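Structure file work02.tsv (TSV, C-alpha atoms) is printed below.
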chain	number	residue	atom	x	y	z
A	62	MET	CA	96.74	69.36	51.60
A	63	SER	CA	96.60	72.98	52.71
A	64	VAL	CA	94.51	72.16	55.72
A	65	GLU	CA	93.61	75.05	57.99
A	66	ILE	CA	94.89	74.64	61.52
A	67	SER	CA	92.00	74.05	63.96
A	68	ALA	CA	91.29	76.47	66.83
A	69	GLU	CA	92.25	73.75	69.28
A	70	ARG	CA	95.63	73.19	67.61
A	71	GLN	CA	96.15	76.97	67.40
A	72	GLN	CA	96.06	76.99	71.19
A	73	VAL	CA	98.61	74.20	71.39
A	74	ILE	CA	100.82	76.14	68.97
A	75	ALA	CA	100.42	79.34	71.03
A	76	LYS	CA	101.50	77.50	74.17
A	77	VAL	CA	104.59	76.11	72.46
A	78	VAL	CA	105.44	79.58	71.13
A	79	ASP	CA	105.06	81.02	74.65
A	80	SER	CA	107.62	78.51	75.92
A	81	TRP	CA	110.28	80.14	73.73
A	82	ARG	CA	110.43	83.21	75.93
A	83	GLY	CA	113.64	83.58	77.88
A	84	LEU	CA	115.65	80.84	76.19
A	85	GLY	CA	118.60	83.22	75.93
A	86	TRP	CA	118.03	83.84	72.22
A	87	GLN	CA	120.97	85.31	70.42
A	88	LEU	CA	120.67	87.78	67.54
A	89	LEU	CA	123.00	87.70	64.56
A	90	ARG	CA	122.51	90.88	62.60
A	91	GLU	CA	122.65	91.24	58.84
A	92	GLU	CA	126.04	91.02	57.30
A	93	PRO	CA	126.48	90.77	53.53
A	94	LEU	CA	127.87	87.33	52.75
A	95	ALA	CA	128.50	85.35	49.59
A	96	PRO	CA	125.45	83.20	48.77
A	97	ALA	CA	127.14	79.82	49.32
A	98	LEU	CA	128.58	80.99	52.63
A	99	ASN	CA	125.14	82.17	53.76
A	100	VAL	CA	123.70	78.75	53.05
A	101	ALA	CA	126.64	76.91	54.65
A	102	LEU	CA	126.26	78.98	57.82
A	103	ASP	CA	122.75	77.65	58.23
A	104	GLU	CA	124.05	74.13	58.53
A	105	VAL	CA	126.89	75.12	60.88
A	106	LEU	CA	124.64	77.11	63.21
A	107	THR	CA	121.92	74.44	63.23
A	108	ARG	CA	124.44	71.82	64.31
A	109	ARG	CA	125.98	74.13	66.91
A	110	VAL	CA	122.59	74.85	68.44
A	111	GLY	CA	121.75	71.14	68.37
A	112	ALA	CA	125.01	70.34	70.16
A	113	GLY	CA	124.37	73.02	72.79
A	114	GLU	CA	127.43	74.96	71.61
A	115	ARG	CA	125.36	78.06	70.96
A	116	PRO	CA	122.04	79.28	72.37
A	117	PRO	CA	118.89	79.34	70.26
A	118	THR	CA	119.62	81.92	67.60
A	119	VAL	CA	117.90	84.13	65.08
A	120	ARG	CA	119.98	85.35	62.17
A	121	PHE	CA	119.08	87.97	59.61
A	122	TRP	CA	120.77	87.45	56.29
A	123	SER	CA	122.14	89.84	53.75
A	124	TRP	CA	123.35	88.98	50.28
A	125	ALA	CA	126.66	90.20	48.90
A	126	ALA	CA	125.64	89.13	45.40
A	127	GLN	CA	122.58	88.07	43.50
A	128	ALA	CA	121.87	84.36	43.39
A	129	VAL	CA	119.32	81.66	42.83
A	130	ILE	CA	118.91	79.53	45.92
A	131	ILE	CA	117.24	76.27	45.00
A	132	GLY	CA	115.48	73.82	47.30
A	133	ARG	CA	117.16	70.61	48.45
A	134	PHE	CA	115.07	68.45	46.09
A	135	GLN	CA	114.81	70.66	43.04
A	136	SER	CA	116.34	69.89	39.69
A	137	VAL	CA	118.61	72.70	38.46
A	138	ARG	CA	117.52	72.17	34.86
A	139	ASN	CA	113.84	72.37	35.72
A	140	GLU	CA	114.17	75.54	37.80
A	141	VAL	CA	116.95	77.66	36.35
A	142	ARG	CA	117.99	78.87	32.91
A	143	GLU	CA	121.62	78.12	33.63
A	144	GLU	CA	123.13	79.94	30.63
A	145	GLU	CA	121.22	83.09	31.56
A	146	ALA	CA	122.30	82.80	35.18
A	147	LEU	CA	125.92	82.32	34.14
A	148	ALA	CA	125.81	85.24	31.70
A	149	ARG	CA	124.36	87.51	34.37
A	150	ASP	CA	126.74	86.41	37.09
A	151	VAL	CA	123.98	84.87	39.17
A	152	ALA	CA	125.31	82.05	41.32
A	153	ILE	CA	123.20	78.93	41.77
A	154	VAL	CA	123.32	77.48	45.27
A	155	ARG	CA	121.48	74.47	46.63
A	156	ARG	CA	120.33	74.78	50.23
A	157	ILE	CA	119.61	71.99	52.73
A	158	THR	CA	115.93	72.72	53.09
A	159	GLY	CA	113.19	71.69	50.72
A	160	GLY	CA	110.86	74.17	49.05
A	161	GLY	CA	111.16	76.30	45.95
A	162	ALA	CA	113.79	78.32	44.13
A	163	MET	CA	114.24	81.91	45.10
A	164	PHE	CA	115.98	84.65	43.17
A	165	VAL	CA	117.73	86.95	45.62
A	166	GLN	CA	119.31	90.32	45.01
A	167	PRO	CA	121.11	92.45	47.57
A	168	ASP	CA	118.59	94.52	49.54
A	169	ALA	CA	115.56	93.12	47.72
A	170	THR	CA	114.64	90.42	50.22
A	171	ILE	CA	114.48	90.00	53.95
A	172	THR	CA	115.74	86.58	54.97
A	173	TYR	CA	116.09	85.19	58.46
A	174	SER	CA	116.89	81.85	60.03
A	175	ILE	CA	115.80	80.51	63.37
A	176	TYR	CA	117.83	77.75	65.01
A	177	LEU	CA	116.47	75.99	68.04
A	178	PRO	CA	116.69	72.60	69.70
A	179	GLU	CA	114.05	70.20	68.42
A	180	ARG	CA	112.64	69.70	71.92
A	181	TYR	CA	111.13	73.20	71.77
A	182	VAL	CA	108.78	72.17	68.98
A	183	GLU	CA	107.87	68.87	70.61
A	184	GLY	CA	104.16	68.12	70.35
A	185	LEU	CA	103.80	70.02	67.07
A	186	SER	CA	103.55	68.39	63.67
A	187	PHE	CA	106.04	69.53	61.04
A	188	ALA	CA	103.31	71.64	59.47
A	189	GLU	CA	102.37	73.24	62.79
A	190	SER	CA	105.99	74.05	63.56
A	191	TYR	CA	106.13	76.10	60.35
A	192	ALA	CA	103.20	78.24	61.45
A	193	ALA	CA	104.61	78.52	64.98
A	194	LEU	CA	108.06	79.65	63.88
A	195	ASP	CA	106.70	82.43	61.68
A	196	SER	CA	103.90	83.56	64.03
A	197	TRP	CA	105.97	86.45	65.44
A	198	VAL	CA	106.63	87.72	61.89
A	199	VAL	CA	102.98	87.61	60.91
A	200	ALA	CA	102.08	89.48	64.13
A	201	THR	CA	104.81	92.08	63.57
A	202	LEU	CA	103.80	92.66	59.95
A	203	ARG	CA	100.22	93.17	61.10
A	204	ASP	CA	101.50	95.74	63.62
A	205	LEU	CA	103.11	97.52	60.66
A	206	GLY	CA	99.76	97.72	58.94
A	207	VAL	CA	100.31	94.86	56.51
A	208	ASP	CA	97.30	92.56	56.45
A	209	ALA	CA	99.37	89.37	56.58
A	210	TRP	CA	98.48	85.86	57.63
A	211	TYR	CA	100.01	82.40	57.55
A	212	ALA	CA	98.92	80.13	54.72
A	213	PRO	CA	99.86	76.51	55.45
A	214	LEU	CA	102.09	74.85	54.62
A	215	ASN	CA	104.81	77.42	54.35
A	216	ASP	CA	103.65	80.80	53.09
A	217	ILE	CA	103.22	84.21	54.64
A	218	THR	CA	100.56	85.78	52.50
A	219	SER	CA	98.19	88.73	52.14
A	220	ALA	CA	95.11	89.68	50.16
A	221	GLU	CA	97.46	91.15	47.56
A	222	GLY	CA	99.56	88.01	47.18
A	223	LYS	CA	102.27	85.94	48.75
A	224	ILE	CA	104.78	87.88	50.86
A	225	GLY	CA	107.21	85.19	51.88
A	226	GLY	CA	107.93	81.49	52.11
A	227	ALA	CA	109.55	79.32	54.76
A	228	ALA	CA	111.49	76.07	54.71
A	229	GLN	CA	112.81	73.80	57.41
A	230	ALA	CA	115.44	71.17	57.90
A	231	ARG	CA	116.37	69.19	60.96
A	232	ARG	CA	119.92	68.29	61.84
A	233	ALA	CA	121.58	67.11	65.04
A	234	LYS	CA	118.36	67.41	67.06
A	235	ALA	CA	117.90	71.03	66.06
A	236	VAL	CA	115.41	72.76	63.80
A	237	LEU	CA	116.48	75.13	61.08
A	238	HIS	CA	113.60	77.34	59.99
A	239	HIS	CA	114.35	80.01	57.43
A	240	THR	CA	112.05	82.39	55.65
A	241	THR	CA	112.51	84.74	52.75
A	242	ILE	CA	110.24	87.75	52.44
A	243	ALA	CA	110.07	89.72	49.22
A	244	TYR	CA	110.75	93.39	49.87
A	245	GLN	CA	110.93	94.40	46.26
A	246	MET	CA	111.11	92.24	43.21
A	247	ASP	CA	112.75	92.60	39.83
A	248	THR	CA	110.18	90.41	38.11
A	249	GLU	CA	111.70	90.92	34.67
A	250	GLU	CA	115.11	89.74	35.78
A	251	MET	CA	113.55	86.89	37.73
A	252	ALA	CA	111.58	85.69	34.72
A	253	LYS	CA	114.79	85.58	32.69
A	254	ILE	CA	116.54	83.34	35.20
A	255	LEU	CA	113.88	81.12	36.76
A	256	ARG	CA	111.67	78.71	34.89
A	257	ILE	CA	108.22	78.63	36.35
A	258	GLY	CA	106.08	76.03	34.67
A	259	GLN	CA	102.35	76.14	34.31
A	260	GLU	CA	101.86	73.03	36.45
A	261	LYS	CA	103.27	74.88	39.44
A	262	LEU	CA	100.60	77.56	39.05
A	263	SER	CA	97.87	75.03	38.27
A	264	ASP	CA	96.05	75.46	41.56
A	265	LYS	CA	96.68	79.19	41.95
A	266	GLY	CA	94.17	80.50	39.43
A	267	ILE	CA	96.73	82.95	38.04
A	268	ALA	CA	98.94	82.97	35.01
A	269	SER	CA	102.31	84.14	36.29
A	270	ALA	CA	104.58	83.95	39.28
A	271	ALA	CA	105.10	87.70	39.21
A	272	LYS	CA	101.42	88.21	39.94
A	273	ARG	CA	101.53	85.59	42.65
A	274	VAL	CA	103.95	87.52	44.86
A	275	SER	CA	103.26	90.89	46.45
A	276	PRO	CA	106.51	92.38	47.77
A	277	LEU	CA	106.29	94.38	51.00
A	278	ARG	CA	107.34	97.55	49.22
A	279	ARG	CA	103.90	97.58	47.61
A	280	GLN	CA	102.22	97.25	50.98
A	281	THR	CA	104.20	99.61	53.20
A	282	ASP	CA	106.27	102.78	52.84
A	283	LEU	CA	108.83	101.61	55.38
A	284	PRO	CA	112.34	101.14	54.03
A	285	ARG	CA	113.75	97.64	54.13
A	286	ALA	CA	116.14	98.34	57.03
A	287	ALA	CA	113.28	99.72	59.12
A	288	ILE	CA	111.27	96.54	58.57
A	289	VAL	CA	114.24	94.40	59.63
A	290	GLU	CA	114.54	96.57	62.73
A	291	ARG	CA	110.85	96.19	63.53
A	292	LEU	CA	111.01	92.45	63.03
A	293	THR	CA	114.01	92.30	65.37
A	294	ASP	CA	112.09	94.31	67.97
A	295	GLY	CA	109.05	92.07	67.49
A	296	PHE	CA	111.17	89.01	68.20
A	297	ARG	CA	112.83	90.65	71.21
A	298	GLU	CA	109.51	91.70	72.76
A	299	ARG	CA	108.09	88.21	72.50
A	300	PHE	CA	111.05	86.01	73.31
A	301	GLY	CA	113.94	88.16	74.52
A	302	LEU	CA	117.07	88.66	72.43
A	303	VAL	CA	120.71	89.47	73.13
A	304	ALA	CA	123.25	90.66	70.59
A	305	GLY	CA	125.59	87.95	69.38
A	306	GLU	CA	128.34	87.36	66.90
A	307	LEU	CA	129.58	84.57	64.74
A	308	SER	CA	132.63	83.00	66.30
A	309	ALA	CA	135.84	82.57	64.33
A	310	GLU	CA	135.29	78.84	64.61
A	311	GLU	CA	131.82	79.09	63.08
A	312	CYS	CA	133.09	81.22	60.21
A	313	ALA	CA	135.89	78.76	59.53
A	314	ALA	CA	133.50	75.80	59.64
A	315	ALA	CA	131.16	77.53	57.17
A	316	ALA	CA	134.04	78.37	54.82
A	317	ALA	CA	135.15	74.73	54.95
A	318	LEU	CA	131.61	73.58	54.11
A	319	VAL	CA	131.55	75.91	51.11
A	320	ALA	CA	134.75	74.31	49.86
A	321	GLU	CA	133.57	70.76	50.54
A	322	GLN	CA	129.93	71.00	49.62
A	323	TYR	CA	127.91	74.14	49.04
A	324	GLY	CA	130.31	75.70	46.57
A	325	THR	CA	130.84	72.49	44.59
A	326	ASP	CA	129.23	71.57	41.31
A	327	GLY	CA	128.49	68.07	42.61
A	328	TRP	CA	126.25	69.40	45.34
A	329	THR	CA	124.59	72.08	43.22
A	330	HIS	CA	123.81	69.53	40.52
A	331	ASP	CA	122.97	66.72	42.93
A	332	LEU	CA	119.65	66.70	41.09
A	333	PRO	CA	120.73	67.93	37.65
B	160	MET	CA	110.19	61.10	29.81
B	161	HIS	CA	109.13	64.04	31.92
B	162	GLY	CA	105.98	64.41	33.99
B	163	GLU	CA	104.85	66.96	36.57
B	164	TYR	CA	102.08	66.99	39.10
B	165	LYS	CA	101.27	69.55	41.74
B	166	THR	CA	99.13	68.48	44.66
B	167	PRO	CA	96.43	71.14	44.98
B	168	GLY	CA	97.49	73.42	47.85
B	169	GLY	CA	100.69	71.40	48.09
B	170	LYS	CA	103.95	71.06	46.23
B	171	LEU	CA	105.21	70.17	42.78
B	172	VAL	CA	106.61	66.73	41.98
B	173	VAL	CA	108.65	66.24	38.82
B	174	ALA	CA	109.50	62.82	37.43
B	175	ASP	CA	112.24	62.37	34.82
B	176	PHE	CA	113.05	58.89	33.57
B	177	ALA	CA	113.69	56.63	30.62
B	178	VAL	CA	111.84	53.47	29.64
B	179	ALA	CA	113.76	50.40	28.57
B	180	ASP	CA	112.37	46.90	28.09
B	181	GLY	CA	109.04	48.07	29.46
B	182	THR	CA	110.48	49.27	32.75
B	183	LEU	CA	111.35	52.64	34.29
B	184	ARG	CA	115.05	53.46	34.29
B	185	GLU	CA	117.29	56.33	35.41
B	186	VAL	CA	114.49	57.75	37.51
B	187	THR	CA	114.86	61.21	39.04
B	188	ILE	CA	112.24	62.67	41.34
B	189	SER	CA	112.52	66.37	42.12
B	190	GLY	CA	110.36	69.29	43.14
B	191	ASP	CA	109.71	71.94	45.76
B	192	PHE	CA	108.38	69.44	48.29
B	193	PHE	CA	109.61	68.79	51.82
B	194	LEU	CA	110.90	65.39	52.78
B	195	TYR	CA	112.40	64.30	56.09
B	196	PRO	CA	114.94	62.83	56.23
B	197	ASP	CA	116.66	63.74	52.92
B	198	GLU	CA	117.89	60.21	52.35
B	199	ALA	CA	114.33	58.96	51.87
B	200	LEU	CA	114.47	60.31	48.31
B	201	ARG	CA	116.96	57.58	47.42
B	202	ASP	CA	114.51	54.94	48.65
B	203	ILE	CA	111.65	56.48	46.71
B	204	VAL	CA	113.71	56.50	43.52
B	205	SER	CA	114.83	52.90	43.97
B	206	ALA	CA	111.20	51.85	44.51
B	207	LEU	CA	110.40	53.26	41.06
B	208	GLU	CA	113.52	52.02	39.31
B	209	GLY	CA	112.57	48.90	37.33
B	210	ALA	CA	108.82	49.34	37.80
B	211	PRO	CA	106.80	48.25	34.75
B	212	SER	CA	105.85	51.16	32.51
B	213	THR	CA	102.31	49.80	32.55
B	214	ALA	CA	102.01	50.23	36.35
B	215	SER	CA	99.07	52.37	37.41
B	216	GLU	CA	99.34	55.44	39.62
B	217	GLU	CA	98.11	53.30	42.54
B	218	GLU	CA	100.62	50.53	41.86
B	219	LEU	CA	103.47	53.04	41.68
B	220	ALA	CA	102.27	54.65	44.92
B	221	ALA	CA	102.15	51.23	46.61
B	222	ARG	CA	105.73	50.49	45.56
B	223	ILE	CA	106.83	53.78	47.14
B	224	GLN	CA	104.72	53.28	50.26
B	225	ALA	CA	106.35	49.89	50.78
B	226	VAL	CA	109.84	51.40	51.17
B	227	LEU	CA	108.89	54.33	53.42
B	228	THR	CA	109.86	53.68	57.01
B	229	PRO	CA	107.73	55.19	59.81
B	230	ASP	CA	110.28	57.96	60.47
B	231	VAL	CA	109.83	59.42	56.97
B	232	THR	CA	107.60	62.47	56.55
B	233	LEU	CA	106.38	63.75	53.19
B	234	LEU	CA	105.08	67.31	53.36
B	235	GLY	CA	103.08	68.82	50.53
B	236	PHE	CA	103.08	65.65	48.42
B	237	SER	CA	102.40	61.92	48.65
B	238	PRO	CA	103.28	58.57	47.06
B	239	GLU	CA	100.14	59.03	44.91
B	240	ALA	CA	101.37	62.44	43.71
B	241	ILE	CA	104.67	60.86	42.65
B	242	GLY	CA	102.76	58.07	40.90
B	243	ARG	CA	100.71	60.65	39.03
B	244	ALA	CA	103.80	62.61	37.92
B	245	VAL	CA	105.27	59.37	36.53
B	246	ARG	CA	102.02	58.45	34.77
B	247	ARG	CA	101.92	61.91	33.20
B	248	GLY	CA	105.44	61.35	31.95
B	249	LEU	CA	104.24	58.14	30.36
B	250	GLY	CA	101.51	60.12	28.66
B	251	ALA	CA	98.60	58.66	30.59
B	252	ALA	CA	97.71	60.81	33.58
Would you mind giving the structure from this file in structure tokens?
Amino acid sequence: MSVEISAERQQVIAKVVDSWRGLGWQLLREEPLAPALNVALDEVLTRRVGAGERPPTVRFWSWAAQAVIIGRFQSVRNEVREEEALARDVAIVRRITGGGAMFVQPDATITYSIYLPERYVEGLSFAESYAALDSWVVATLRDLGVDAWYAPLNDITSAEGKIGGAAQARRAKAVLHHTTIAYQMDTEEMAKILRIGQEKLSDKGIASAAKRVSPLRRQTDLPRAAIVERLTDGFRERFGLVAGELSAEECAAAAALVAEQYGTDGWTHDLP
Amino acid sequence: MHGEYKTPGGKLVVADFAVADGTLREVTISGDFFLYPDEALRDIVSALEGAPSTASEEELAARIQAVLTPDVTLLGFSPEAIGRAVRRGLGAA
């Protein structure tokens, strides 16, 4: 399943990535938001980009509170110790992309989303589009001295362990690609809240999730904000980037989606 | 019943279900897989609902395959992986 991408396909991917230069990319800088609002914004911005109401956009996230963000198809019961989460004031939010649960704490992760019209990944398989959309991050991390590479399907990894994971959804003819990178990790707290079964680690040759991940803090002395800045510069150098802002309309649409969907128990427990 | 199977190098599939009158009931399929479009999960679950509890991994996979339209993409898992998770839940991997 984790098939390496052939040299020939790497060239196709590189050509597609090159075509993203000069699309008028807009940057949305980090702004601490409530977890459900962060997730709702992804849907709003994806649809807006798909409808041509906003240019292709890259958004860096920041968390106002700790939370568990579970994948679209995960069962809450199987992934989260709900009583522990509740007792520790950790919100559980279901996102629209597949993939695994992540435990996020303010300033412990680096999360970004890329929104672009689907036509800009035309010719790539789903799997190839994952590698393409994180290629600038892998290159920038390498420039920072971190020996990172992409591990299909959806991991940014290193000799010391996994650094980050990506997930995608498609809506309204646009691609949402978001990635969370571990900057530092409170593995004790994480182990109290997330359930990580042995089957999930069955092909990893290791006994715990904590050992599986190697946060950037262990691999570089740069503070988190400096890494975000370097990633932003890395994106700008490759594709061009202008400063942008969320419109009042986008904020209102995201708040409405929190009320209707992302903040509701029905959605969170869609797969109980 | 509860069964899990992780495709090597791929994603985890979890099957939760009951068995009544020799058939699968109240089936839930979950996991950290990627599936496009989302709604395909409903079709996968309905393909399993009512399947005989004696069905083999291959037979379960064939039932799922039969309801997948060409526009559906499974990433990191497969109908066979789902079949195996169900078989594990039945105690016969």
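CA of Asp331 in chain A lies 25.5 Å from CA of Pro229 in chain B.
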query = Restricting the calculation to all atoms listed in the file, which member of A:Asp282, A:Glu290, A:Glu306, A:Glu189 is positioned closest to chain B?
reply =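 Closest to chain B of all the choices is A:Glu189.
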ask   = Quick one: residues within 12 Å of Gly235 in chain B, only C-alpha atoms counted, chain neighbours fewer than 2 positions away excluded, as a ChimeraX atom specification?
value = /A:62-64,159-161,187-188,213-215,228 /B:164-172,190-195,232-233,237-241
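Atom to atom, CA of Leu89 in chain A and CA of His238 in chain A stand 14.7 Å apart.
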query = Restricting the calculation to only C-alpha atoms, which member of B:Arg222, B:Arg201, B:Arg246, B:Arg184 is positioned closest to chain A?
reply =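 Smallest separation from chain A among the options: B:Arg201.
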Atomic distance CA of Phe121 in chain A - CA of Tyr173 in chain A, expressed in Å with one decimal =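 Computing the Euclidean distance for CA of Phe121 in chain A and CA of Tyr173 in chain A yields 4.2 Å.
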Using all atoms listed in the file, what table do you get, as CSV, when you list each residue of chain A with an atom no more than 12 Å from chain B, its nearest pair of atoms, and their distance in Å rounded to one decimal, rows by chain then rising number?
residue,atom,partner,partner_atom,distance
A:Met62,CA,B:Gly168,CA,5.6
A:Ser63,CA,B:Gly168,CA,5.0
A:Val64,CA,B:Gly168,CA,8.5
A:Glu65,CA,B:Gly168,CA,11.0
A:Ile130,CA,B:Asp191,CA,11.9
A:Ile131,CA,B:Asp191,CA,8.7
A:Gly132,CA,B:Asp191,CA,6.3
A:Arg133,CA,B:Asp191,CA,8.0
A:Phe134,CA,B:Ser189,CA,5.2
A:Gln135,CA,B:Gly190,CA,4.7
A:Ser136,CA,B:Ser189,CA,5.7
A:Val137,CA,B:Ser189,CA,9.5
A:Arg138,CA,B:Ser189,CA,10.6
A:Asn139,CA,B:Val173,CA,8.6
A:Glu140,CA,B:Gly190,CA,9.1
A:Arg156,CA,B:Asp191,CA,11.9
A:Ile157,CA,B:Asp197,CA,8.8
A:Thr158,CA,B:Phe193,CA,7.5
A:Gly159,CA,B:Phe193,CA,4.7
A:Gly160,CA,B:Asp191,CA,4.1
A:Gly161,CA,B:Asp191,CA,4.6
A:Ala162,CA,B:Asp191,CA,7.7
A:Met163,CA,B:Asp191,CA,11.0
A:Ser186,CA,B:Thr232,CA,10.1
A:Phe187,CA,B:Leu234,CA,8.1
A:Ala188,CA,B:Leu234,CA,7.7
A:Glu189,CA,B:Leu234,CA,11.5
A:Tyr191,CA,B:Leu234,CA,11.3
A:Ala212,CA,B:Gly168,CA,9.7
A:Pro213,CA,B:Gly168,CA,8.5
A:Leu214,CA,B:Gly235,CA,7.4
A:Asn215,CA,B:Gly235,CA,9.6
A:Asp216,CA,B:Gly168,CA,10.9
A:Gly226,CA,B:Asp191,CA,11.6
A:Ala227,CA,B:Phe193,CA,10.9
A:Ala228,CA,B:Phe193,CA,8.1
A:Gln229,CA,B:Phe193,CA,8.2
A:Ala230,CA,B:Tyr195,CA,7.7
A:Arg231,CA,B:Tyr195,CA,8.0
A:Arg232,CA,B:Pro196,CA,9.3
A:Ala233,CA,B:Pro196,CA,11.8
A:Val236,CA,B:Tyr195,CA,11.8
A:Ile257,CA,B:Leu171,CA,11.0
A:Gly258,CA,B:Glu163,CA,9.3
A:Gln259,CA,B:Glu163,CA,9.8
A:Glu260,CA,B:Lys165,CA,6.4
A:Lys261,CA,B:Leu171,CA,6.1
A:Leu262,CA,B:Lys165,CA,8.5
A:Ser263,CA,B:Lys165,CA,7.3
A:Asp264,CA,B:Pro167,CA,5.5
A:Lys265,CA,B:Gly168,CA,8.3
A:Gly266,CA,B:Pro167,CA,11.1
A:His330,CA,B:Ser189,CA,11.8
A:Asp331,CA,B:Ser189,CA,10.5
A:Leu332,CA,B:Ser189,CA,7.2
A:Pro333,CA,B:Thr187,CA,9.0
inquiry  = Taking only C-alpha atoms into account, name the residue in A:Phe300, A:Leu185, A:Leu292, A:Leu277 that is nearest to Gln72 in chain A.
reply    =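 Closest to Gln72 in chain A, using only C-alpha atoms: A:Leu185.
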inquiry  = So, with all atoms listed in the file as the atoms that count, which of A:Ile242, A:Leu302, A:Val289, A:Ala101 lies closest to Tyr323 in chain A?
reply    =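 Between A:Ile242, A:Leu302, A:Val289, A:Ala101, the residue approaching Tyr323 in chain A most closely is A:Ala101.
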request  = Anything within 12 Å of (132.9, 83.6, 67.8): list those residues as a PyMOL selection string, counting all atoms listed in the file and sticking to the file's coordinates.
outcome  = chain A and resi 89+106+109+114-115+305-314
Keeping only C-alpha atoms, write the selected residues as a tab-separated table (two decimals), keeping the file's coordinate frame.
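Saved as selection.tsv:
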chain	number	residue	atom	x	y	z
A	89	LEU	CA	123.00	87.70	64.56
A	106	LEU	CA	124.64	77.11	63.21
A	109	ARG	CA	125.98	74.13	66.91
A	114	GLU	CA	127.43	74.96	71.61
A	115	ARG	CA	125.36	78.06	70.96
A	305	GLY	CA	125.59	87.95	69.38
A	306	GLU	CA	128.34	87.36	66.90
A	307	LEU	CA	129.58	84.57	64.74
A	308	SER	CA	132.63	83.00	66.30
A	309	ALA	CA	135.84	82.57	64.33
A	310	GLU	CA	135.29	78.84	64.61
A	311	GLU	CA	131.82	79.09	63.08
A	312	CYS	CA	133.09	81.22	60.21
A	313	ALA	CA	135.89	78.76	59.53
A	314	ALA	CA	133.50	75.80	59.64
Can you sort out the box for range 213-225 of chain B, edges along x, y and z, all listed atoms in, 8 Å on every side, with centre and edge lengths in Å to one decimal, as JSON?
{"center_x": 102.5, "center_y": 52.6, "center_z": 41.7, "size_x": 24.7, "size_y": 21.6, "size_z": 34.2}
task = May I have the protein, DNA and RNA residues with an atom at most 9 Å from (102.2, 57.9, 40.9), counting all atoms listed in the file in the file's coordinates, returned as a ChimeraX atom specification?
result = /B:214-221,223,237-247
message = Nearest residue to Leu207 in chain B out of B:Gly250, B:Ala225, B:His161, B:Asp230, using all atoms listed in the file?
response =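 Once distances to Leu207 in chain B are computed over all atoms listed in the file, the minimum belongs to B:Ala225.
The shell of residues at most 9 Å from Ile288 in chain A, with all atoms listed in the file counted and near chain neighbours (fewer than 4 positions) removed, consists of Ile171, Leu202, Leu205, Leu283, Pro284, Leu292 and Thr293 of chain A.
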task = Excluding Ala200 in chain A and residues on its chain fewer than 2 positions from it, collect all residues at most 12 Å away from it, counting all atoms listed in the file, and give them as a PyMOL selection string.
result = chain A and resi 192-198+202-211+217+291-292+294-296+298-299
ask   = Within 7 Å of Gly222 in chain A, counting all atoms listed in the file, which residues qualify if same-chain residues fewer than 6 places away don't, as a VMD selection string?
value = chain A and resid 273 to 275
